[in-house]
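Source file structure.pdb; content: PDB, C-alpha atoms and all ligand atoms.
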```pdb
ATOM      1  CA  MET A   1     160.008  31.560 123.287
ATOM      2  CA  ASP A   2     156.875  30.121 121.728
ATOM      3  CA  ALA A   3     156.729  27.283 119.177
ATOM      4  CA  GLY A   4     157.276  29.786 116.353
ATOM      5  CA  GLY A   5     160.470  31.006 118.059
ATOM      6  CA  SER A   6     159.309  34.555 118.855
ATOM      7  CA  ALA A   7     159.339  35.921 122.388
ATOM      8  CA  PRO A   8     155.897  36.422 124.030
ATOM      9  CA  ASP A   9     154.674  40.020 123.884
ATOM     10  CA  TYR A  10     153.889  41.436 127.320
ATOM     11  CA  THR A  11     153.662  45.069 126.184
ATOM     12  CA  PHE A  12     150.708  47.416 126.128
ATOM     13  CA  GLU A  13     150.567  47.402 122.314
ATOM     14  CA  ALA A  14     147.345  45.405 121.789
ATOM     15  CA  PHE A  15     145.395  47.484 124.333
ATOM     16  CA  ALA A  16     146.647  50.733 122.809
ATOM     17  CA  ARG A  17     144.938  49.855 119.495
ATOM     18  CA  HIS A  18     141.400  50.127 120.912
ATOM     19  CA  ASP A  19     139.303  52.997 119.557
ATOM     20  CA  PHE A  20     138.141  54.283 122.957
ATOM     21  CA  TYR A  21     141.760  54.412 124.131
ATOM     22  CA  ARG A  22     142.844  56.354 121.091
ATOM     23  CA  THR A  23     139.935  58.754 121.646
ATOM     24  CA  VAL A  24     140.731  59.605 125.294
ATOM     25  CA  ASN A  25     144.385  60.138 124.427
ATOM     26  CA  GLU A  26     143.516  62.238 121.388
ATOM     27  CA  HIS A  27     141.326  64.442 123.574
ATOM     28  CA  LEU A  28     144.179  64.918 126.049
ATOM     29  CA  VAL A  29     146.741  65.715 123.334
ATOM     30  CA  ASP A  30     144.352  68.221 121.738
ATOM     31  CA  ALA A  31     143.489  69.867 125.070
ATOM     32  CA  THR A  32     147.199  70.161 125.940
ATOM     33  CA  LEU A  33     148.042  71.758 122.595
ATOM     34  CA  GLN A  34     145.041  74.103 122.822
ATOM     35  CA  ILE A  35     146.155  75.382 126.223
ATOM     36  CA  ARG A  36     149.643  75.986 124.853
ATOM     37  CA  GLU A  37     148.288  77.708 121.731
ATOM     38  CA  ARG A  38     146.874  80.431 123.982
ATOM     39  CA  LEU A  39     150.488  81.652 124.046
ATOM     40  CA  PRO A  40     151.002  82.278 120.308
ATOM     41  CA  SER A  41     154.140  84.335 120.924
ATOM     42  CA  LEU A  42     155.924  81.235 122.303
ATOM     43  CA  PRO A  43     156.628  78.661 119.584
ATOM     44  CA  ILE A  44     156.865  74.967 120.443
ATOM     45  CA  HIS A  45     160.384  73.689 119.818
ATOM     46  CA  ARG A  46     160.501  70.443 121.749
ATOM     47  CA  ALA A  47     157.841  68.027 123.007
ATOM     48  CA  LEU A  48     158.293  65.038 125.283
ATOM     49  CA  ASP A  49     156.172  61.897 125.503
ATOM     50  CA  LEU A  50     157.072  60.564 128.933
ATOM     51  CA  ALA A  51     156.443  56.832 129.525
ATOM     52  CA  CYS A  52     155.806  56.622 125.793
ATOM     53  CA  GLY A  53     155.581  52.809 125.737
ATOM     54  CA  THR A  54     155.012  51.497 122.228
ATOM     55  CA  GLY A  55     154.451  55.011 120.862
ATOM     56  CA  ALA A  56     150.659  55.284 120.507
ATOM     57  CA  VAL A  57     150.572  58.785 122.026
ATOM     58  CA  THR A  58     153.868  59.819 120.392
ATOM     59  CA  LYS A  59     152.288  59.096 117.018
ATOM     60  CA  LEU A  60     149.204  61.187 117.888
ATOM     61  CA  LEU A  61     151.452  64.023 119.013
ATOM     62  CA  ALA A  62     153.624  63.795 115.891
ATOM     63  CA  ASP A  63     150.554  63.862 113.630
ATOM     64  CA  ARG A  64     149.212  66.962 115.391
ATOM     65  CA  LEU A  65     152.565  68.775 115.480
ATOM     66  CA  ARG A  66     153.372  68.095 111.830
ATOM     67  CA  ALA A  67     151.079  70.979 110.914
ATOM     68  CA  MET A  68     153.172  73.492 112.923
ATOM     69  CA  ARG A  69     155.076  76.177 111.057
ATOM     70  CA  GLU A  70     158.335  75.492 112.901
ATOM     71  CA  PRO A  71     159.569  71.894 113.044
ATOM     72  CA  VAL A  72     159.126  70.404 116.524
ATOM     73  CA  GLU A  73     161.589  67.939 117.998
ATOM     74  CA  ILE A  74     159.702  65.057 119.630
ATOM     75  CA  VAL A  75     161.325  62.770 122.177
ATOM     76  CA  GLY A  76     159.789  59.628 123.668
ATOM     77  CA  VAL A  77     161.169  58.271 126.957
ATOM     78  CA  ASP A  78     160.434  54.887 128.513
ATOM     79  CA  PRO A  79     162.392  52.372 130.616
ATOM     80  CA  SER A  80     161.296  49.377 128.525
ATOM     81  CA  GLU A  81     163.646  48.639 125.625
ATOM     82  CA  SER A  82     161.152  46.208 124.042
ATOM     83  CA  ALA A  83     158.439  48.904 124.068
ATOM     84  CA  LEU A  84     160.891  51.473 122.633
ATOM     85  CA  GLU A  85     161.789  49.130 119.772
ATOM     86  CA  LYS A  86     158.111  48.872 118.840
ATOM     87  CA  ALA A  87     157.719  52.645 119.155
ATOM     88  CA  ARG A  88     160.639  53.251 116.780
ATOM     89  CA  ARG A  89     159.063  50.965 114.192
ATOM     90  CA  PHE A  90     155.586  52.480 114.657
ATOM     91  CA  VAL A  91     156.491  56.183 114.657
ATOM     92  CA  GLY A  92     159.580  56.134 112.420
ATOM     93  CA  SER A  93     161.740  59.232 112.101
ATOM     94  CA  ALA A  94     159.073  61.635 113.421
ATOM     95  CA  ALA A  95     160.420  61.147 116.970
ATOM     96  CA  GLU A  96     163.547  60.080 118.784
ATOM     97  CA  PHE A  97     163.176  57.385 121.451
ATOM     98  CA  VAL A  98     165.476  57.126 124.438
ATOM     99  CA  ARG A  99     165.590  54.930 127.471
ATOM    100  CA  GLY A 100     164.878  56.647 130.776
ATOM    101  CA  THR A 101     162.497  56.835 133.690
ATOM    102  CA  ALA A 102     159.987  59.414 134.827
ATOM    103  CA  GLN A 103     161.955  59.801 138.051
ATOM    104  CA  ALA A 104     165.141  60.890 136.233
ATOM    105  CA  PHE A 105     164.547  62.059 132.700
ATOM    106  CA  SER A 106     165.984  65.577 132.812
ATOM    107  CA  ASN A 107     169.461  64.118 132.188
ATOM    108  CA  VAL A 108     168.071  62.711 128.912
ATOM    109  CA  VAL A 109     165.845  65.599 127.798
ATOM    110  CA  SER A 110     165.222  69.102 129.132
ATOM    111  CA  GLY A 111     164.100  72.519 127.862
ATOM    112  CA  VAL A 112     160.753  71.218 126.647
ATOM    113  CA  ASP A 113     157.572  73.120 125.838
ATOM    114  CA  ILE A 114     155.064  70.263 126.050
ATOM    115  CA  ILE A 115     155.098  67.093 128.171
ATOM    116  CA  LEU A 116     152.564  64.330 127.628
ATOM    117  CA  PHE A 117     152.539  61.640 130.327
ATOM    118  CA  CYS A 118     149.760  59.213 129.498
ATOM    119  CA  ASN A 119     148.456  56.192 131.375
ATOM    120  CA  ALA A 120     151.497  55.831 133.568
ATOM    121  CA  ILE A 121     151.427  58.157 136.601
ATOM    122  CA  HIS A 122     149.508  55.564 138.651
ATOM    123  CA  LEU A 123     152.405  53.113 138.163
ATOM    124  CA  LEU A 124     154.733  55.314 140.206
ATOM    125  CA  PRO A 125     154.692  54.822 143.973
ATOM    126  CA  ASP A 126     156.088  58.324 144.568
ATOM    127  CA  LYS A 127     154.499  60.780 142.145
ATOM    128  CA  GLU A 128     155.583  64.105 143.599
ATOM    129  CA  PRO A 129     159.268  63.991 142.491
ATOM    130  CA  VAL A 130     158.099  63.233 138.956
ATOM    131  CA  ILE A 131     155.821  66.278 138.899
ATOM    132  CA  ALA A 132     158.731  68.344 140.250
ATOM    133  CA  GLU A 133     161.038  66.918 137.567
ATOM    134  CA  ALA A 134     158.458  67.768 134.883
ATOM    135  CA  ARG A 135     158.339  71.373 136.123
ATOM    136  CA  GLN A 136     162.150  71.529 135.970
ATOM    137  CA  ALA A 137     162.192  70.218 132.413
ATOM    138  CA  LEU A 138     159.560  72.662 131.113
ATOM    139  CA  ASN A 139     160.408  76.068 129.631
ATOM    140  CA  ASN A 140     158.425  79.170 130.547
ATOM    141  CA  GLY A 141     154.865  78.738 129.343
ATOM    142  CA  GLY A 142     155.333  74.972 129.215
ATOM    143  CA  VAL A 143     152.340  72.677 129.514
ATOM    144  CA  LEU A 144     152.000  69.219 131.071
ATOM    145  CA  GLY A 145     149.152  66.910 130.045
ATOM    146  CA  PHE A 146     148.619  63.612 131.822
ATOM    147  CA  ASN A 147     145.857  61.076 132.201
ATOM    148  CA  THR A 148     145.078  57.978 134.219
ATOM    149  CA  SER A 149     142.284  55.450 134.544
ATOM    150  CA  PHE A 150     143.543  54.295 137.950
ATOM    151  CA  TYR A 151     142.508  57.041 140.378
ATOM    152  CA  ASP A 152     139.964  57.572 143.129
ATOM    153  CA  GLY A 153     136.900  58.047 140.913
ATOM    154  CA  CYS A 154     137.748  55.747 137.982
ATOM    155  CA  TYR A 155     134.924  53.280 138.745
ATOM    156  CA  THR A 156     131.683  54.686 137.402
ATOM    157  CA  PRO A 157     128.827  54.238 139.908
ATOM    158  CA  GLY A 158     127.276  50.774 139.726
ATOM    159  CA  THR A 159     130.302  49.054 138.157
ATOM    160  CA  GLU A 160     132.037  47.965 141.395
ATOM    161  CA  ARG A 161     130.356  44.535 141.121
ATOM    162  CA  PHE A 162     132.205  43.846 137.868
ATOM    163  CA  TYR A 163     135.632  44.219 139.520
ATOM    164  CA  LYS A 164     134.663  42.081 142.521
ATOM    165  CA  LEU A 165     133.217  39.333 140.342
ATOM    166  CA  TRP A 166     136.217  39.329 137.980
ATOM    167  CA  MET A 167     138.594  38.940 140.942
ATOM    168  CA  LEU A 168     136.438  36.202 142.501
ATOM    169  CA  ARG A 169     136.339  34.218 139.233
ATOM    170  CA  SER A 170     140.111  34.682 138.803
ATOM    171  CA  LEU A 171     140.830  33.355 142.289
ATOM    172  CA  GLN A 172     138.544  30.373 141.693
ATOM    173  CA  LEU A 173     140.251  29.485 138.401
ATOM    174  CA  LEU A 174     143.713  29.888 139.946
ATOM    175  CA  LYS A 175     142.812  27.561 142.811
ATOM    176  CA  GLN A 176     141.145  24.938 140.583
ATOM    177  CA  GLU A 177     143.819  24.812 137.918
ATOM    178  CA  ALA A 178     147.072  25.686 139.670
ATOM    179  CA  GLY A 179     146.235  25.262 143.348
ATOM    180  CA  ILE A 180     147.696  28.687 144.147
ATOM    181  CA  ARG A 181     146.633  32.090 145.439
ATOM    182  CA  PRO A 182     148.135  35.508 144.743
ATOM    183  CA  ASP A 183     150.794  36.637 147.189
ATOM    184  CA  ARG A 184     149.641  40.061 148.339
ATOM    185  CA  THR A 185     152.944  40.657 150.162
ATOM    186  CA  LYS A 186     154.591  40.879 146.705
ATOM    187  CA  VAL A 187     152.622  43.951 145.731
ATOM    188  CA  GLN A 188     153.699  47.471 146.581
ATOM    189  CA  ALA A 189     150.902  49.234 148.462
ATOM    190  CA  MET A 190     149.673  51.685 145.838
ATOM    191  CA  ARG A 191     146.930  54.094 146.702
ATOM    192  CA  TRP A 192     144.888  55.701 143.936
ATOM    193  CA  LEU A 193     144.975  59.494 144.279
ATOM    194  CA  SER A 194     141.863  61.643 144.025
ATOM    195  CA  PRO A 195     141.573  64.496 141.499
ATOM    196  CA  GLU A 196     141.969  66.956 144.417
ATOM    197  CA  GLU A 197     145.209  65.286 145.515
ATOM    198  CA  TYR A 198     146.562  65.579 141.965
ATOM    199  CA  ARG A 199     145.535  69.248 141.888
ATOM    200  CA  ASP A 200     147.276  69.978 145.216
ATOM    201  CA  MET A 201     150.419  68.179 144.091
ATOM    202  CA  LEU A 202     150.555  70.186 140.867
ATOM    203  CA  GLU A 203     150.045  73.476 142.704
ATOM    204  CA  ARG A 204     152.760  72.621 145.251
ATOM    205  CA  ASN A 205     155.198  72.078 142.381
ATOM    206  CA  GLY A 206     154.785  75.213 140.276
ATOM    207  CA  PHE A 207     151.800  74.330 138.104
ATOM    208  CA  GLU A 208     148.372  75.832 137.639
ATOM    209  CA  VAL A 209     145.620  73.426 136.598
ATOM    210  CA  ALA A 210     144.109  74.584 133.312
ATOM    211  CA  GLN A 211     141.778  71.636 132.832
ATOM    212  CA  MET A 212     140.756  68.623 134.901
ATOM    213  CA  THR A 213     137.944  66.394 133.644
ATOM    214  CA  ALA A 214     136.695  62.835 133.970
ATOM    215  CA  GLU A 215     136.075  61.293 130.565
ATOM    216  CA  GLN A 216     134.082  58.099 130.281
ATOM    217  CA  ALA A 217     135.304  55.310 128.000
ATOM    218  CA  MET A 218     133.348  52.164 127.141
ATOM    219  CA  MET A 219     135.563  49.108 127.662
ATOM    220  CA  THR A 220     134.930  45.882 125.792
ATOM    221  CA  CYS A 221     135.793  42.415 127.079
ATOM    222  CA  GLN A 222     138.529  42.203 124.422
ATOM    223  CA  SER A 223     140.105  45.394 125.782
ATOM    224  CA  TRP A 224     140.368  43.869 129.292
ATOM    225  CA  GLN A 225     141.854  40.732 127.753
ATOM    226  CA  ASP A 226     144.401  42.858 125.924
ATOM    227  CA  ILE A 227     145.358  44.811 129.041
ATOM    228  CA  SER A 228     145.691  41.490 130.900
ATOM    229  CA  GLN A 229     148.458  40.612 128.413
ATOM    230  CA  TYR A 230     150.450  43.619 129.688
ATOM    231  CA  SER A 231     152.900  42.381 132.319
ATOM    232  CA  GLU A 232     152.538  45.322 134.737
ATOM    233  CA  PHE A 233     148.755  44.925 134.802
ATOM    234  CA  ALA A 234     148.779  41.117 135.226
ATOM    235  CA  GLU A 235     151.453  41.268 137.951
ATOM    236  CA  GLY A 236     149.506  43.977 139.787
ATOM    237  CA  ALA A 237     146.192  42.102 139.561
ATOM    238  CA  LEU A 238     147.548  38.682 140.585
ATOM    239  CA  PRO A 239     150.854  39.330 142.389
ATOM    240  CA  GLY A 240     153.253  36.446 142.865
ATOM    241  CA  VAL A 241     151.479  34.265 140.274
ATOM    242  CA  PRO A 242     153.654  33.091 137.334
ATOM    243  CA  LEU A 243     153.048  35.653 134.577
ATOM    244  CA  ASP A 244     151.690  33.317 131.877
ATOM    245  CA  THR A 245     149.295  31.714 134.380
ATOM    246  CA  ALA A 246     148.105  35.111 135.601
ATOM    247  CA  ILE A 247     147.464  36.317 132.033
ATOM    248  CA  SER A 248     145.588  33.187 131.030
ATOM    249  CA  VAL A 249     143.418  33.242 134.177
ATOM    250  CA  LEU A 250     142.606  36.969 133.885
ATOM    251  CA  LYS A 251     141.614  36.635 130.219
ATOM    252  CA  ARG A 252     139.284  33.690 130.783
ATOM    253  CA  SER A 253     137.745  35.030 133.977
ATOM    254  CA  VAL A 254     136.947  38.434 132.460
ATOM    255  CA  ALA A 255     135.112  36.716 129.580
ATOM    256  CA  GLN A 256     133.157  34.705 132.151
ATOM    257  CA  THR A 257     132.354  37.901 134.093
ATOM    258  CA  TYR A 258     131.046  39.754 131.025
ATOM    259  CA  GLU A 259     128.902  36.735 130.190
ATOM    260  CA  GLU A 260     127.527  36.351 133.723
ATOM    261  CA  MET A 261     126.678  40.048 133.908
ATOM    262  CA  GLY A 262     125.177  39.998 130.417
ATOM    263  CA  ILE A 263     127.161  43.052 129.279
ATOM    264  CA  ASN A 264     129.069  43.949 126.121
ATOM    265  CA  GLU A 265     130.766  47.086 127.426
ATOM    266  CA  LEU A 266     131.669  48.585 130.781
ATOM    267  CA  PRO A 267     132.086  52.334 131.424
ATOM    268  CA  ARG A 268     135.286  53.540 133.091
ATOM    269  CA  ASN A 269     136.516  57.057 133.837
ATOM    270  CA  TRP A 270     139.794  58.529 132.671
ATOM    271  CA  LEU A 271     141.088  61.556 134.598
ATOM    272  CA  GLN A 272     142.359  64.072 132.022
ATOM    273  CA  VAL A 273     144.600  66.827 133.376
ATOM    274  CA  VAL A 274     146.316  69.756 131.682
ATOM    275  CA  ALA A 275     148.513  72.046 133.799
ATOM    276  CA  ARG A 276     150.517  75.155 132.952
ATOM    277  CA  ALA A 277     153.969  75.823 134.369
ATOM    278  CA  VAL A 278     153.798  79.099 136.310
TER     279      VAL A 278
HETATM  280  C1  LIG B   1     150.311  51.706 130.320
HETATM  281  S1  LIG B   1     151.747  52.083 129.454
HETATM  282  C2  LIG B   1     151.341  53.640 128.683
HETATM  283  C3  LIG B   1     152.089  53.894 127.418
HETATM  284  C4  LIG B   1     151.721  55.185 126.685
HETATM  285  N1  LIG B   1     152.054  56.367 127.458
HETATM  286  C5  LIG B   1     150.251  55.217 126.362
HETATM  287  O1  LIG B   1     149.513  55.983 126.969
HETATM  288  O2  LIG B   1     149.823  54.450 125.504
HETATM  289  C6  LIG B   1     152.773  52.570 130.791
HETATM  290  C7  LIG B   1     154.213  52.821 130.386
HETATM  291  O3  LIG B   1     154.892  53.348 131.524
HETATM  292  C8  LIG B   1     156.203  52.858 131.492
HETATM  293  N2  LIG B   1     156.794  52.985 132.828
HETATM  294  C9  LIG B   1     156.721  52.168 133.884
HETATM  295  N3  LIG B   1     157.431  52.650 134.917
HETATM  296  C10 LIG B   1     157.953  53.831 134.488
HETATM  297  C11 LIG B   1     158.802  54.796 135.081
HETATM  298  N4  LIG B   1     159.245  54.666 136.324
HETATM  299  N5  LIG B   1     159.157  55.855 134.336
HETATM  300  C12 LIG B   1     158.707  56.010 133.065
HETATM  301  N6  LIG B   1     157.906  55.120 132.463
HETATM  302  C13 LIG B   1     157.543  54.050 133.164
HETATM  303  C14 LIG B   1     156.053  51.412 131.037
HETATM  304  O4  LIG B   1     157.263  50.896 130.520
HETATM  305  C15 LIG B   1     154.958  51.559 129.970
HETATM  306  O5  LIG B   1     155.511  51.729 128.694
END
```
Can the structure in the file be given as structure tokens, please?
Ligand SMILES: C[S@@+](CC[C@H](N)C(=O)[O-])C[C@H]1O[C@@H](n2cnc3c(N)ncnc32)[C@H](O)[C@@H]1O
Amino acid sequence: MDAGGSAPDYTFEAFARHDFYRTVNEHLVDATLQIRERLPSLPIHRALDLACGTGAVTKLLADRLRAMREPVEIVGVDPSESALEKARRFVGSAAEFVRGTAQAFSNVVSGVDIILFCNAIHLLPDKEPVIAEARQALNNGGVLGFNTSFYDGCYTPGTERFYKLWMLRSLQLLKQEAGIRPDRTKVQAMRWLSPEEYRDMLERNGFEVAQMTAEQAMMTCQSWQDISQYSEFAEGALPGVPLDTAISVLKRSVAQTYEEMGINELPRNWLQVVARAV
């Protein structure tokens, strides 16, 4: 609890408000719906926002689907109860939010026509069972749209120095102020998949890739500071470091890095994928 008595917010909410983030997600939602609309004889009855977090994508989806002739049931699934509470407040009655994981959501929701799975697939150590579960949950003609900015190809050429410098400045601050180093043994080895590996995985599990693109977003220093406030990001970047220390160090060192490099924005690629169930 802070001095005002409210619990600190370690969710993704602040990052999700950035314009570039809204834009990449909007493009994915629109591309997913466009692919599905090529099957006009199959109406959309139910849509799922998997790993919905605080509901940013659920709201986009609800706004787009409101125009449909038939009402569409929208369900958001996430394991974090604090994120779901925010999503319920943000989206209101346009969607139902239930607790569940990407590894086992078909017991919570099935028979869906659209699945959106945004900015989360990279968090899962074993992605294949989730893709298989998504195929199981989709009706005939169903469409899966997912995106990630943590994949082999997300660094735009020439930006590698930024990530190295940010980590170096973080380690220096941690040592100076807390006398500690991250504990790399506390982090699960997580390899970023390439677009081709995602394509193969989809094809092995009953999908056909309808669209796969890399979309560039321009990230501000504030956006990195906001993502540093998200517990899963801070714990992944500085494993084993007390969370509040990690967040504070990451926020200050990224500001220092932007200043040293003399930049206001940094390009980063989002992999945008839409796949049809076949
Ligand atoms: C970076 S946020 C993305 C939220 C939202 N989809 C968006 O794009 O704005 C990642 C979300 O994945 C959720 N998450 C983490 N592990 C998960 C799992 N095993 N199954 C489903 N969701 C998970 C987190 O709780 C968090 O809400």
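Residues selected in this file by the PyMOL selection byres (((chain A and resi 271) around 9) and not hetatm) comprise A:Phe146, A:Asn147, A:Thr148, A:Ser149, A:Phe150, A:Tyr151, A:Gly153, A:Cys154, A:Pro195, A:Met212, A:Thr213, A:Ala214, A:Glu215, A:Gln216, A:Asn269, A:Trp270, A:Gln272, A:Val273.
Going from atom CA of A:Gln211 over to atom CA of A:Ile131, you cover 16.2 Å.
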For the contact check between chain A and ligand LIG 1 (chain B), emit one row per residue of chain A within 7 Å, containing the shortest atom pair and the distance in Å rounded to one decimal, counting all atoms listed in the file, chain then rising number order, as a Markdown table.
```
| residue | atom | partner | partner_atom | distance |
| --- | --- | --- | --- | --- |
| A:Phe12 | CA | B:LIG1 | S1 | 5.8 |
| A:Ala16 | CA | B:LIG1 | O2 | 5.6 |
| A:Leu50 | CA | B:LIG1 | C12 | 6.4 |
| A:Ala51 | CA | B:LIG1 | N6 | 3.7 |
| A:Cys52 | CA | B:LIG1 | N1 | 4.1 |
| A:Gly53 | CA | B:LIG1 | O5 | 3.1 |
| A:Thr54 | CA | B:LIG1 | C3 | 6.4 |
| A:Gly55 | CA | B:LIG1 | C4 | 6.4 |
| A:Ala56 | CA | B:LIG1 | O2 | 5.1 |
| A:Val57 | CA | B:LIG1 | O2 | 5.6 |
| A:Val77 | CA | B:LIG1 | C12 | 7.0 |
| A:Asp78 | CA | B:LIG1 | N6 | 4.7 |
| A:Pro79 | CA | B:LIG1 | O4 | 5.3 |
| A:Ser80 | CA | B:LIG1 | O4 | 4.7 |
| A:Ala83 | CA | B:LIG1 | O5 | 6.2 |
| A:Gly100 | CA | B:LIG1 | C12 | 6.6 |
| A:Thr101 | CA | B:LIG1 | N5 | 3.5 |
| A:Ala102 | CA | B:LIG1 | N5 | 3.7 |
| A:Gln103 | CA | B:LIG1 | N4 | 6.1 |
| A:Phe117 | CA | B:LIG1 | N1 | 6.0 |
| A:Cys118 | CA | B:LIG1 | O1 | 4.1 |
| A:Asn119 | CA | B:LIG1 | O1 | 4.5 |
| A:Ala120 | CA | B:LIG1 | C6 | 4.5 |
| A:Leu123 | CA | B:LIG1 | N3 | 6.0 |
| A:Leu124 | CA | B:LIG1 | N4 | 6.0 |
```
Given the selection you just returned, output its residues as a file containing C-alpha atoms, formatted as a PDB file, in the frame of the given file.
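So result38.pdb came out as:
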```
ATOM      1  CA  PHE A  12     150.708  47.416 126.128  1.00  0.00           C
ATOM      2  CA  ALA A  16     146.647  50.733 122.809  1.00  0.00           C
ATOM      3  CA  LEU A  50     157.072  60.564 128.933  1.00  0.00           C
ATOM      4  CA  ALA A  51     156.443  56.832 129.525  1.00  0.00           C
ATOM      5  CA  CYS A  52     155.806  56.622 125.793  1.00  0.00           C
ATOM      6  CA  GLY A  53     155.581  52.809 125.737  1.00  0.00           C
ATOM      7  CA  THR A  54     155.012  51.497 122.228  1.00  0.00           C
ATOM      8  CA  GLY A  55     154.451  55.011 120.862  1.00  0.00           C
ATOM      9  CA  ALA A  56     150.659  55.284 120.507  1.00  0.00           C
ATOM     10  CA  VAL A  57     150.572  58.785 122.026  1.00  0.00           C
ATOM     11  CA  VAL A  77     161.169  58.271 126.957  1.00  0.00           C
ATOM     12  CA  ASP A  78     160.434  54.887 128.513  1.00  0.00           C
ATOM     13  CA  PRO A  79     162.392  52.372 130.616  1.00  0.00           C
ATOM     14  CA  SER A  80     161.296  49.377 128.525  1.00  0.00           C
ATOM     15  CA  ALA A  83     158.439  48.904 124.068  1.00  0.00           C
ATOM     16  CA  GLY A 100     164.878  56.647 130.776  1.00  0.00           C
ATOM     17  CA  THR A 101     162.497  56.835 133.690  1.00  0.00           C
ATOM     18  CA  ALA A 102     159.987  59.414 134.827  1.00  0.00           C
ATOM     19  CA  GLN A 103     161.955  59.801 138.051  1.00  0.00           C
ATOM     20  CA  PHE A 117     152.539  61.640 130.327  1.00  0.00           C
ATOM     21  CA  CYS A 118     149.760  59.213 129.498  1.00  0.00           C
ATOM     22  CA  ASN A 119     148.456  56.192 131.375  1.00  0.00           C
ATOM     23  CA  ALA A 120     151.497  55.831 133.568  1.00  0.00           C
ATOM     24  CA  LEU A 123     152.405  53.113 138.163  1.00  0.00           C
ATOM     25  CA  LEU A 124     154.733  55.314 140.206  1.00  0.00           C
TER      26      LEU A 124
END
```
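In this comparison, which uses all atoms listed in the file, the residue of A:Asp200, A:Cys221, A:Gln229, A:Met190 approaching A:Gly262 most closely is A:Cys221.
Using all atoms listed in the file for every distance, the candidate list A:Arg89, A:Arg184, A:Arg169, A:Arg191 yields A:Arg169 as the residue closest to A:Arg252.
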*Looking at all atoms listed in the file, which of A:Pro157, A:Pro239, A:Pro267, A:Gly206 is the one that sits closest to A:Leu171?*
A:Pro239
Would you pick out the contacts of A:Lys175 at 12 Å or less, using all atoms listed in the file, so that residues sharing its chain but fewer than 5 positions from it are not included, and give the list as a short mmCIF file (atom, residue, chain, number, x, y, z; two decimals) with C-alpha atoms, keeping the file's coordinate frame?
```cif
data_model
loop_
_atom_site.label_atom_id
_atom_site.label_comp_id
_atom_site.auth_asym_id
_atom_site.auth_seq_id
_atom_site.Cartn_x
_atom_site.Cartn_y
_atom_site.Cartn_z
CA LEU A 168 136.44 36.20 142.50
CA ARG A 169 136.34 34.22 139.23
CA SER A 170 140.11 34.68 138.80
CA ILE A 180 147.70 28.69 144.15
CA ARG A 181 146.63 32.09 145.44
CA PRO A 182 148.14 35.51 144.74
CA VAL A 241 151.48 34.26 140.27
CA THR A 245 149.29 31.71 134.38
CA ALA A 246 148.10 35.11 135.60
CA VAL A 249 143.42 33.24 134.18
#
```
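When atom CA of A:Arg17 is paired with atom CA of A:Ala275, their separation reads 26.6 Å.
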_Selection under test: the PyMOL selection byres (((chain A and resi 201) around 12) and not hetatm); residues as an MDAnalysis selection string_ = chainID A and resid 126:132 135 193:200 202:209 275
*asked:* With distances taken over all atoms listed in the file, which residue among A:Thr11, A:Ala210, A:Glu70, A:Tyr21 lies nearest A:Ala234?
replied: A:Thr11
*Run the PyMOL selection byres (((chain A and resi 225) around 12) and not hetatm) on the file and write out the hits as a ChimeraX atom specification.*
/A:12,14-15,18,166,219-224,226-230,233-234,246-258
*How would you write as an NGL selection string the residues that get within 7 Å of (158.5, 70.5, 117.5) in the file's frame, counting all atoms listed in the file?*
:A and (44-47 or 65 or 70-74)
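The coordinates place atom CA of A:Ala7 at 13.8 Å from atom CA of A:Glu81.
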*Selected residue of minimal separation from A:Glu37 among A:Glu260, A:Glu133, A:Asp244, A:Asp113, counting all atoms listed in the file*: A:Asp113
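Nearest to A:Gly142 of all the residues A:Ser93, A:Ser110, A:Asn25, A:Asn264 is A:Ser110, based on all atoms listed in the file.
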Spatial neighbours of A:Val91, 9 Å, only C-alpha atoms, chain gap at least 4 places, as a JSON list (two decimals) with C-alpha atoms, in the frame of the given file:
```json
[["chain", "number", "residue", "atom", "x", "y", "z"],
["A", 55, "GLY", "CA", 154.45, 55.01, 120.86],
["A", 56, "ALA", "CA", 150.66, 55.28, 120.51],
["A", 58, "THR", "CA", 153.87, 59.82, 120.39],
["A", 59, "LYS", "CA", 152.29, 59.10, 117.02],
["A", 62, "ALA", "CA", 153.62, 63.80, 115.89],
["A", 86, "LYS", "CA", 158.11, 48.87, 118.84],
["A", 87, "ALA", "CA", 157.72, 52.64, 119.16],
["A", 95, "ALA", "CA", 160.42, 61.15, 116.97]]
```
_Close residues, A:Ala137 itself excluded, 7 Å, all atoms listed in the file, min 6 positions apart in chain, as a ChimeraX atom specification_ = /A:106,110-112
*Got a sec to check which residues sit within 9 Å of (146.9, 66.1, 121.3), counting all atoms listed in the file, and write them as a PyMOL selection string?*
chain A and resi 25-34+57+60-65+116
